[in-house]
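Asker: Below is the file query_15.cif, which contains mmCIF, C-alpha atoms.
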data_data
#
loop_
_atom_site.label_atom_id
_atom_site.label_comp_id
_atom_site.auth_asym_id
_atom_site.auth_seq_id
_atom_site.Cartn_x
_atom_site.Cartn_y
_atom_site.Cartn_z
CA GLY A 1315 2.27 -26.31 6.50
CA GLY A 1316 1.19 -25.10 9.93
CA GLY A 1317 3.31 -21.96 10.19
CA PRO A 1318 5.03 -19.27 8.15
CA SER A 1319 7.60 -21.68 6.74
CA GLY A 1320 4.74 -23.72 5.30
CA VAL A 1321 3.15 -20.69 3.65
CA LYS A 1322 6.50 -19.61 2.21
CA ALA A 1323 7.16 -23.11 0.87
CA ALA A 1324 3.73 -23.24 -0.73
CA VAL A 1325 4.14 -19.86 -2.42
CA LYS A 1326 7.60 -20.81 -3.67
CA TRP A 1327 6.34 -24.15 -4.99
CA ARG A 1328 3.53 -22.48 -6.86
CA SER A 1329 5.87 -19.79 -8.14
CA ASP A 1330 8.23 -22.42 -9.52
CA ASN A 1331 5.27 -23.80 -11.44
CA ASN A 1332 4.27 -20.49 -13.03
CA GLY A 1333 1.60 -19.41 -10.61
CA GLY A 1334 -1.42 -21.01 -9.03
CA VAL A 1335 -3.72 -20.74 -6.03
CA VAL A 1336 -2.22 -21.20 -2.59
CA VAL A 1337 -4.94 -21.94 -0.03
CA VAL A 1338 -3.87 -21.02 3.50
CA GLU A 1339 -5.49 -22.95 6.35
CA PRO A 1340 -6.96 -21.09 9.36
CA GLY A 1341 -4.41 -19.92 11.87
CA THR A 1342 -2.00 -17.14 12.81
CA TYR A 1343 1.25 -16.94 10.88
CA ALA A 1344 4.09 -14.81 12.28
CA PHE A 1345 6.75 -13.99 9.68
CA PRO A 1346 10.35 -13.17 10.63
CA PRO A 1347 12.15 -10.43 8.67
CA VAL A 1348 14.15 -10.99 5.50
CA LYS A 1349 16.35 -8.08 4.36
CA GLY A 1350 17.84 -7.24 1.00
CA THR A 1351 19.90 -4.15 0.23
CA ASN A 1352 16.96 -1.78 0.54
CA ASP A 1353 13.77 -3.84 0.32
CA LYS A 1354 12.70 -6.07 3.20
CA TRP A 1355 9.74 -8.34 3.84
CA GLY A 1356 8.17 -11.15 5.81
CA LEU A 1357 6.58 -13.02 2.88
CA ASN A 1358 7.64 -12.16 -0.68
CA ILE A 1359 5.58 -12.98 -3.77
CA ALA A 1360 7.87 -12.33 -6.74
CA THR A 1361 6.31 -14.51 -9.46
CA SER A 1362 3.29 -13.66 -11.59
CA TYR A 1363 -0.19 -15.16 -11.28
CA VAL A 1364 0.06 -16.34 -7.68
CA GLU A 1365 -3.18 -16.16 -5.69
CA LEU A 1366 -2.84 -16.32 -1.92
CA GLU A 1367 -6.24 -17.13 -0.43
CA GLY A 1368 -7.07 -17.45 3.23
CA VAL A 1369 -9.85 -19.89 4.12
CA GLY A 1370 -11.47 -19.27 7.48
CA ARG A 1371 -9.65 -16.84 9.78
CA VAL A 1372 -6.09 -16.48 8.55
CA VAL A 1373 -3.94 -13.85 10.29
CA PHE A 1374 -0.57 -12.70 8.95
CA LYS A 1375 1.64 -10.74 11.34
CA ARG A 1376 5.27 -10.01 12.10
CA SER A 1377 7.25 -12.18 14.47
CA VAL A 1378 8.95 -8.97 15.64
CA THR A 1379 6.72 -7.05 18.04
CA SER A 1380 8.91 -4.02 18.79
CA LEU A 1381 9.05 -1.51 15.95
CA THR A 1382 10.82 1.29 17.76
CA ALA A 1383 13.70 1.49 15.24
CA TYR A 1384 13.64 1.53 11.44
CA SER A 1385 15.89 -1.53 11.44
CA ASP A 1386 13.17 -3.51 13.23
CA CYS A 1387 10.48 -2.73 10.66
CA TYR A 1388 9.43 -4.66 7.57
CA PRO A 1389 6.26 -5.20 5.50
CA ILE A 1390 4.38 -8.38 6.30
CA VAL A 1391 3.88 -9.10 2.59
CA MET A 1392 5.89 -7.70 -0.32
CA VAL A 1393 4.55 -8.20 -3.84
CA GLY A 1394 7.32 -7.68 -6.40
CA THR A 1395 11.00 -8.43 -6.97
CA PRO A 1396 13.18 -7.02 -4.19
CA ASP A 1397 16.20 -4.80 -4.87
CA ASP A 1398 15.84 -4.91 -8.66
CA ASN A 1399 15.10 -2.02 -11.02
CA SER A 1400 15.27 -4.06 -14.22
CA ALA A 1401 13.25 -7.21 -13.46
CA ASP A 1402 10.05 -7.86 -15.40
CA ALA A 1403 6.97 -6.61 -13.57
CA VAL A 1404 5.18 -9.16 -11.40
CA VAL A 1405 1.73 -9.58 -12.97
CA GLY A 1406 -1.65 -10.70 -11.67
CA VAL A 1407 -0.91 -11.43 -8.01
CA LYS A 1408 -4.02 -11.74 -5.83
CA LEU A 1409 -4.35 -11.52 -2.06
CA LYS A 1410 -7.76 -12.70 -0.94
CA GLY A 1411 -9.50 -13.11 2.38
CA ASN A 1412 -6.57 -12.61 4.76
CA GLU A 1413 -6.19 -10.53 7.91
CA LEU A 1414 -2.98 -8.55 8.22
CA GLU A 1415 -1.74 -6.89 11.37
CA GLY A 1416 0.45 -3.90 10.57
CA ARG A 1417 1.97 -1.00 12.54
CA ASP A 1418 3.37 2.52 12.27
CA HIS A 1419 4.58 5.07 9.67
CA LEU A 1420 4.55 5.31 5.83
CA HIS A 1421 7.55 3.94 3.88
CA ASP A 1422 9.66 3.23 6.92
CA GLY A 1423 8.96 -0.49 6.64
CA ARG A 1424 5.93 -0.66 8.87
CA MET A 1425 3.21 -1.08 6.26
CA ALA A 1426 1.29 -4.34 6.01
CA VAL A 1427 1.57 -4.80 2.23
CA LEU A 1428 4.28 -3.31 0.00
CA VAL A 1429 3.69 -3.42 -3.76
CA LYS A 1430 6.67 -2.84 -6.09
CA ASN A 1431 6.98 -3.05 -9.90
CA THR A 1432 3.71 -4.85 -10.59
CA ARG A 1433 0.80 -4.96 -12.98
CA ARG A 1434 -2.76 -5.91 -12.10
CA THR A 1435 -2.27 -6.62 -8.41
CA SER A 1436 -5.58 -7.43 -6.70
CA ILE A 1437 -6.28 -7.23 -2.96
CA LYS A 1438 -9.79 -8.41 -2.16
CA GLY A 1439 -11.78 -9.15 0.96
CA CYS A 1440 -8.89 -8.53 3.36
CA LEU A 1441 -9.06 -7.07 6.86
CA PHE A 1442 -6.26 -4.76 8.02
CA THR A 1443 -5.98 -4.36 11.79
CA LYS A 1444 -3.59 -2.78 14.31
CA ILE A 1445 -2.42 -0.33 11.67
CA ASP A 1446 -0.96 2.99 12.66
CA SER A 1447 0.61 4.17 9.42
CA SER A 1448 0.00 2.66 5.96
CA ALA A 1449 -1.76 -0.61 5.31
CA ILE A 1450 -1.09 -0.81 1.54
CA PHE A 1451 1.84 1.10 0.06
CA PHE A 1452 2.58 1.25 -3.68
CA GLN A 1453 6.29 1.89 -3.97
CA LYS A 1454 7.11 4.81 -6.26
CA PRO A 1455 10.23 5.71 -8.20
CA ALA A 1456 12.60 7.64 -5.96
CA VAL A 1457 11.33 6.32 -2.65
CA TYR A 1458 13.25 7.07 0.53
CA ASP A 1459 14.78 4.25 2.55
CA TYR A 1460 14.58 5.44 6.14
CA GLU A 1461 16.76 2.67 7.53
CA ASN A 1462 19.70 3.40 5.20
CA SER A 1463 19.01 7.13 4.65
CA THR A 1464 19.05 6.91 0.87
CA TYR A 1465 16.74 7.22 -2.12
CA TYR A 1466 16.30 4.15 -4.31
CA ASN A 1467 14.02 2.38 -6.84
CA THR A 1468 13.19 3.46 -10.40
CA THR A 1469 10.12 1.24 -10.90
CA LYS A 1470 6.37 1.86 -10.56
CA ASN A 1471 3.06 -0.06 -10.57
CA TYR A 1472 0.12 -0.24 -12.98
CA ASP A 1473 -3.57 -1.10 -12.83
CA ALA A 1474 -4.21 -2.36 -9.31
CA GLU A 1475 -7.46 -2.97 -7.46
CA ILE A 1476 -8.45 -2.98 -3.79
CA LEU A 1477 -11.94 -4.38 -3.34
CA ASP A 1478 -14.19 -5.12 -0.38
CA CYS A 1479 -11.46 -4.57 2.21
CA ARG A 1480 -11.81 -3.20 5.74
CA PHE A 1481 -9.22 -1.05 7.50
CA GLU A 1482 -9.51 -0.91 11.28
CA ALA A 1483 -7.09 1.46 12.98
CA GLU A 1484 -6.98 2.04 16.71
CA ALA A 1485 -9.16 4.67 18.36
CA HIS A 1486 -7.34 7.72 19.70
CA ALA A 1487 -8.03 11.08 21.33
CA VAL A 1488 -5.79 13.40 19.28
CA ALA A 1489 -7.45 15.74 16.80
CA GLY A 1490 -5.79 15.90 13.38
CA ARG A 1491 -3.36 13.14 14.30
CA ALA A 1492 -2.38 12.49 10.65
CA LEU A 1493 -0.35 9.36 11.37
CA LEU A 1494 -2.24 6.78 9.38
CA HIS A 1495 -2.66 6.79 5.61
CA ALA A 1496 -4.35 3.45 4.97
CA ILE A 1497 -3.88 3.30 1.18
CA VAL A 1498 -0.90 5.17 -0.33
CA PRO A 1499 -1.18 5.05 -4.15
CA GLU A 1500 1.49 7.52 -5.29
CA GLY A 1501 3.42 4.65 -6.89
CA VAL A 1502 0.63 3.37 -9.14
CA ASP A 1503 -1.00 4.54 -12.39
CA GLY A 1504 -4.52 3.15 -12.57
CA LEU A 1505 -6.04 2.19 -9.23
CA THR A 1506 -9.57 1.05 -8.41
CA VAL A 1507 -10.70 1.16 -4.77
CA ALA A 1508 -14.29 -0.02 -4.34
CA ASP A 1509 -16.68 -1.18 -1.62
CA CYS A 1510 -14.14 -0.73 1.18
CA SER A 1511 -14.57 0.70 4.67
CA SER A 1512 -12.24 2.36 7.15
CA VAL A 1513 -12.53 3.11 10.86
CA TRP A 1514 -10.23 5.53 12.73
CA CYS A 1515 -7.93 5.92 9.72
CA ASP A 1516 -6.67 9.51 9.71
CA ASP A 1517 -6.56 9.40 5.91
CA PHE A 1518 -8.20 6.53 4.06
CA VAL A 1519 -6.71 7.15 0.59
CA SER A 1520 -3.93 9.72 0.63
CA SER A 1521 -1.06 10.44 -1.72
CA GLU A 1522 0.75 12.93 -3.90
CA GLY A 1523 1.54 11.83 -7.43
CA SER A 1524 4.33 13.43 -9.45
CA TYR A 1525 2.32 14.38 -12.55
CA GLN A 1526 1.97 18.14 -12.82
CA SER A 1527 -0.78 18.29 -15.45
CA ALA A 1528 -3.30 15.96 -17.06
CA ASP A 1529 -1.59 16.06 -20.46
CA GLU A 1530 1.76 15.02 -19.04
CA ALA A 1531 2.95 11.50 -19.87
CA GLU A 1532 5.05 9.21 -17.70
CA THR A 1533 7.78 9.59 -20.33
CA ASP A 1534 8.06 13.21 -19.17
CA THR A 1535 10.63 12.11 -16.65
CA PHE A 1536 12.08 14.31 -13.97
CA THR A 1537 15.18 14.35 -11.82
CA PRO A 1538 14.45 15.01 -8.15
CA THR A 1539 16.54 17.76 -6.65
CA VAL A 1540 17.37 16.23 -3.28
CA SER A 1541 20.65 15.84 -1.48
CA GLY A 1542 22.51 12.66 -2.37
CA TRP A 1543 20.41 11.83 -5.45
CA THR A 1544 22.17 9.36 -7.79
CA LEU A 1545 19.42 7.54 -9.71
CA GLY A 1546 19.04 10.03 -12.58
CA ALA A 1547 15.67 10.73 -14.22
CA VAL A 1548 12.65 8.70 -13.14
CA LYS A 1549 9.14 8.24 -14.51
CA ARG A 1550 6.26 10.29 -13.23
CA THR A 1551 3.71 8.27 -11.32
CA GLY A 1552 0.41 8.38 -9.43
CA ARG A 1553 -2.60 9.06 -11.64
CA SER A 1554 -6.00 7.65 -12.66
CA TRP A 1555 -7.30 6.67 -9.23
CA ASN A 1556 -10.97 5.68 -9.14
CA ILE A 1557 -12.67 5.29 -5.75
CA SER A 1558 -16.30 4.24 -5.40
CA ASN A 1559 -18.80 3.27 -2.70
CA CYS A 1560 -16.37 3.37 0.22
CA HIS A 1561 -17.29 4.32 3.79
CA CYS A 1562 -14.96 6.26 6.10
CA HIS A 1563 -15.81 6.52 9.79
CA ASN A 1564 -13.89 8.71 12.24
CA SER A 1565 -11.20 10.19 10.02
CA SER A 1566 -9.17 12.71 12.00
CA GLU A 1567 -7.52 14.48 9.05
CA HIS A 1568 -8.68 14.07 5.42
CA ALA A 1569 -10.72 10.99 4.63
CA TYR A 1570 -9.36 11.50 1.12
CA TYR A 1571 -6.29 13.52 0.18
CA LEU A 1572 -5.89 13.12 -3.57
CA SER A 1573 -3.08 15.14 -5.12
CA SER A 1574 -2.92 13.73 -8.62
CA VAL A 1575 -4.58 13.96 -12.02
CA ASP A 1576 -7.53 12.11 -13.55
CA CYS A 1577 -9.19 10.90 -10.35
CA THR A 1578 -12.81 10.16 -9.50
CA LEU A 1579 -14.52 9.75 -6.13
CA THR A 1580 -18.05 8.37 -6.42
CA GLY A 1581 -20.65 7.40 -3.83
CA GLY A 1582 -19.96 6.21 -0.32
CA SER A 1583 -19.96 8.21 2.90
CA ILE A 1584 -17.89 10.01 5.51
CA THR A 1585 -19.27 9.80 9.06
CA THR A 1586 -18.11 10.46 12.60
CA ASP A 1587 -19.24 9.99 16.16
CA ALA A 1588 -16.22 11.84 17.59
CA LEU A 1589 -16.73 15.45 16.49
CA THR A 1590 -14.04 16.94 18.74
CA ILE A 1591 -11.42 14.55 17.35
CA CYS A 1592 -12.47 13.63 13.82
CA ASP A 1593 -13.57 15.93 11.03
CA GLY A 1594 -12.35 14.01 8.00
CA ASN A 1595 -13.07 15.67 4.68
CA VAL A 1596 -11.99 15.57 1.04
CA LYS A 1597 -9.01 17.49 -0.33
CA LEU A 1598 -8.34 17.48 -4.07
CA ARG A 1599 -5.25 18.92 -5.73
CA GLY A 1600 -4.84 18.38 -9.46
CA ASP A 1601 -6.50 18.35 -12.88
CA PHE A 1602 -9.61 16.38 -13.86
CA MET A 1603 -10.73 15.55 -10.32
CA THR A 1604 -14.42 14.79 -9.73
CA VAL A 1605 -16.56 13.98 -6.70
CA THR A 1606 -20.17 12.80 -7.08
CA GLY A 1607 -22.72 11.20 -4.78
CA LEU A 1608 -20.62 11.30 -1.62
CA ASN A 1609 -22.60 11.60 1.63
#
Please rewrite the model in this file as structure tokens.

Answerer:
Amino acid sequence: GGGPSGVKAAVKWRSDNNGGVVVVEPGTYAFPPVKGTNDKWGLNIATSYVELEGVGRVVFKRSVTSLTAYSDCYPIVMVGTPDDNSADAVVGVKLKGNELEGRDHLHDGRMAVLVKNTRRTSIKGCLFTKIDSSAIFFQKPAVYDYENSTYYNTTKNYDAEILDCRFEAEAHAVAGRALLHAIVPEGVDGLTVADCSSVWCDDFVSSEGSYQSADEAETDTFTPTVSGWTLGAVKRTGRSWNISNCHCHNSSEHAYYLSSVDCTLTGGSITTDALTICDGNVKLRGDFMTVTGLN
């Protein structure tokens, strides 16, 4: 098809046939919002082994342009089953060669891609533009729904990869702005980020996992002590992140803020041409954290 309805129909058709490659023709596709109880999305991929591949310049964006209220905000693409804590994990979904225009702050619905209850999700060769919060957000157990002022979700993600992607935020003049965390992996165990680049992202990879030590297992559940909590004990999440050969330019806070266990940061560079605004560095908090070969 020539618009978002065509893309949705193609993904649904492939999903009904147990996966497949959906080739999206060049063009700009503006997705209107769909809302469940807590989760919301523009395009939802909820069946395993779907590959969504853009050929030529394919741009995914929201049809809503004003994101001044939480109720206006929604991820452009959601990978996973919405509003379900017991569904089987969605396995092997691939996003390849698309451009996604996001906007604004963390898990308030304004990320470009939301990943929930998945295994082996792959995002490769994508360009993220107009982002001013999180581009890729892995939903964790006990995530906060800003629109409805409640905590929800008891699922997590496993073994994802983000390869050869570029994250282009908008230039600014505020030192230490700390608004944009391009990749937020606190909801995934086992993440590979390789050969990516970021420009003007306050934090390129930034997250706090809930493991407290390297010998702790996800079966060592915990019950968050927050007002209004009703979900009971949830799994720990956010470990084994491996980042290699990525290049961060003009990071105004931490290029990498990794508060987790069992993480490696290898190769790549951190550079700036805006010394009075950007001084991005590396902050590590946790056990078995290593940095080698970073320039």

Asker: Between region 1402-1467 of chain A and region 1489-1498 of chain A, at 6 Å or less, what are the per-residue closest atom pairs and their distances in Å? Count only C-alpha atoms, order by chain and rising residue number, and return it as a Markdown table.

Answerer:
| residue | atom | partner | partner_atom | distance |
| --- | --- | --- | --- | --- |
| A:Asp1446 | CA | A:Leu1494 | CA | 5.2 |
| A:Ser1447 | CA | A:Leu1494 | CA | 3.9 |
| A:Ser1448 | CA | A:Ala1496 | CA | 4.5 |
| A:Ala1449 | CA | A:Ala1496 | CA | 4.8 |
| A:Ile1450 | CA | A:Ile1497 | CA | 5.0 |
| A:Phe1451 | CA | A:Val1498 | CA | 4.9 |

Asker: For the structure shown, which residues end up in the PyMOL selection byres ((chain A and resi 1605) around 10)? Put them as a list in words, please?

Answerer: Ile1557, Ser1558, Cys1577, Thr1578, Leu1579, Thr1580, Gly1581, Val1596, Leu1598, Met1603, Thr1604, Thr1606, Gly1607 and Leu1608 of chain A

Asker: Just say which residues the PyMOL selection byres ((chain A and resi 1389) around 9) picks in this file, as a count of residues only.

Answerer: 18

Asker: Tell me, as an mmCIF file with C-alpha atoms, in the coordinates of the input, which residues lie within 7 Å of Thr1342 (chain A), counting only C-alpha atoms; anything in the same chain fewer than 2 positions away does not count.

Answerer:
data_model
loop_
_atom_site.group_PDB
_atom_site.id
_atom_site.type_symbol
_atom_site.label_atom_id
_atom_site.label_comp_id
_atom_site.auth_asym_id
_atom_site.auth_seq_id
_atom_site.Cartn_x
_atom_site.Cartn_y
_atom_site.Cartn_z
ATOM 1 C CA ALA A 1344 4.090 -14.810 12.280
ATOM 2 C CA VAL A 1372 -6.090 -16.480 8.550
ATOM 3 C CA VAL A 1373 -3.940 -13.850 10.290
ATOM 4 C CA PHE A 1374 -0.570 -12.700 8.950
#

Asker: Can you translate the PyMOL selection byres ((chain A and resi 1599) around 12) into the concrete residues it hits in this file, as a count of residues only?

Answerer: 26

Asker: Considering only C-alpha atoms, state which residue in the set A:Glu1532, A:Cys1479, A:Thr1443, A:Lys1430 is at the smallest distance from Pro1499 (chain A).

Answerer: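 Between A:Glu1532, A:Cys1479, A:Thr1443, A:Lys1430, the residue approaching Pro1499 (chain A) most closely is A:Lys1430.
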
Asker: So which one's closest to Thr1395 (chain A), A:Ser1362, A:Ser1541, A:Thr1382, A:Asn1431? Using all atoms listed in the file, please.

Answerer: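 Of A:Ser1362, A:Ser1541, A:Thr1382, A:Asn1431, the one nearest Thr1395 (chain A), counting all atoms listed in the file, is A:Asn1431.
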
Asker: At a cut-off of 6 Å, using only C-alpha atoms, what residues contact Gly1594 (chain A)? Leave out same-chain residues fewer than 5 positions from it and give the result as a list of chain:residue names.

Answerer: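 In the requested form, the answer reads A:Ser1565, A:Ser1566, A:Glu1567, A:His1568, A:Ala1569.
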
Asker: From the list A:Ala1483, A:Ala1474, A:Cys1515, A:Leu1441, which residue is nearest Asp1503 (chain A) when using all atoms listed in the file?

Answerer: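 Closest candidate: A:Ala1474.
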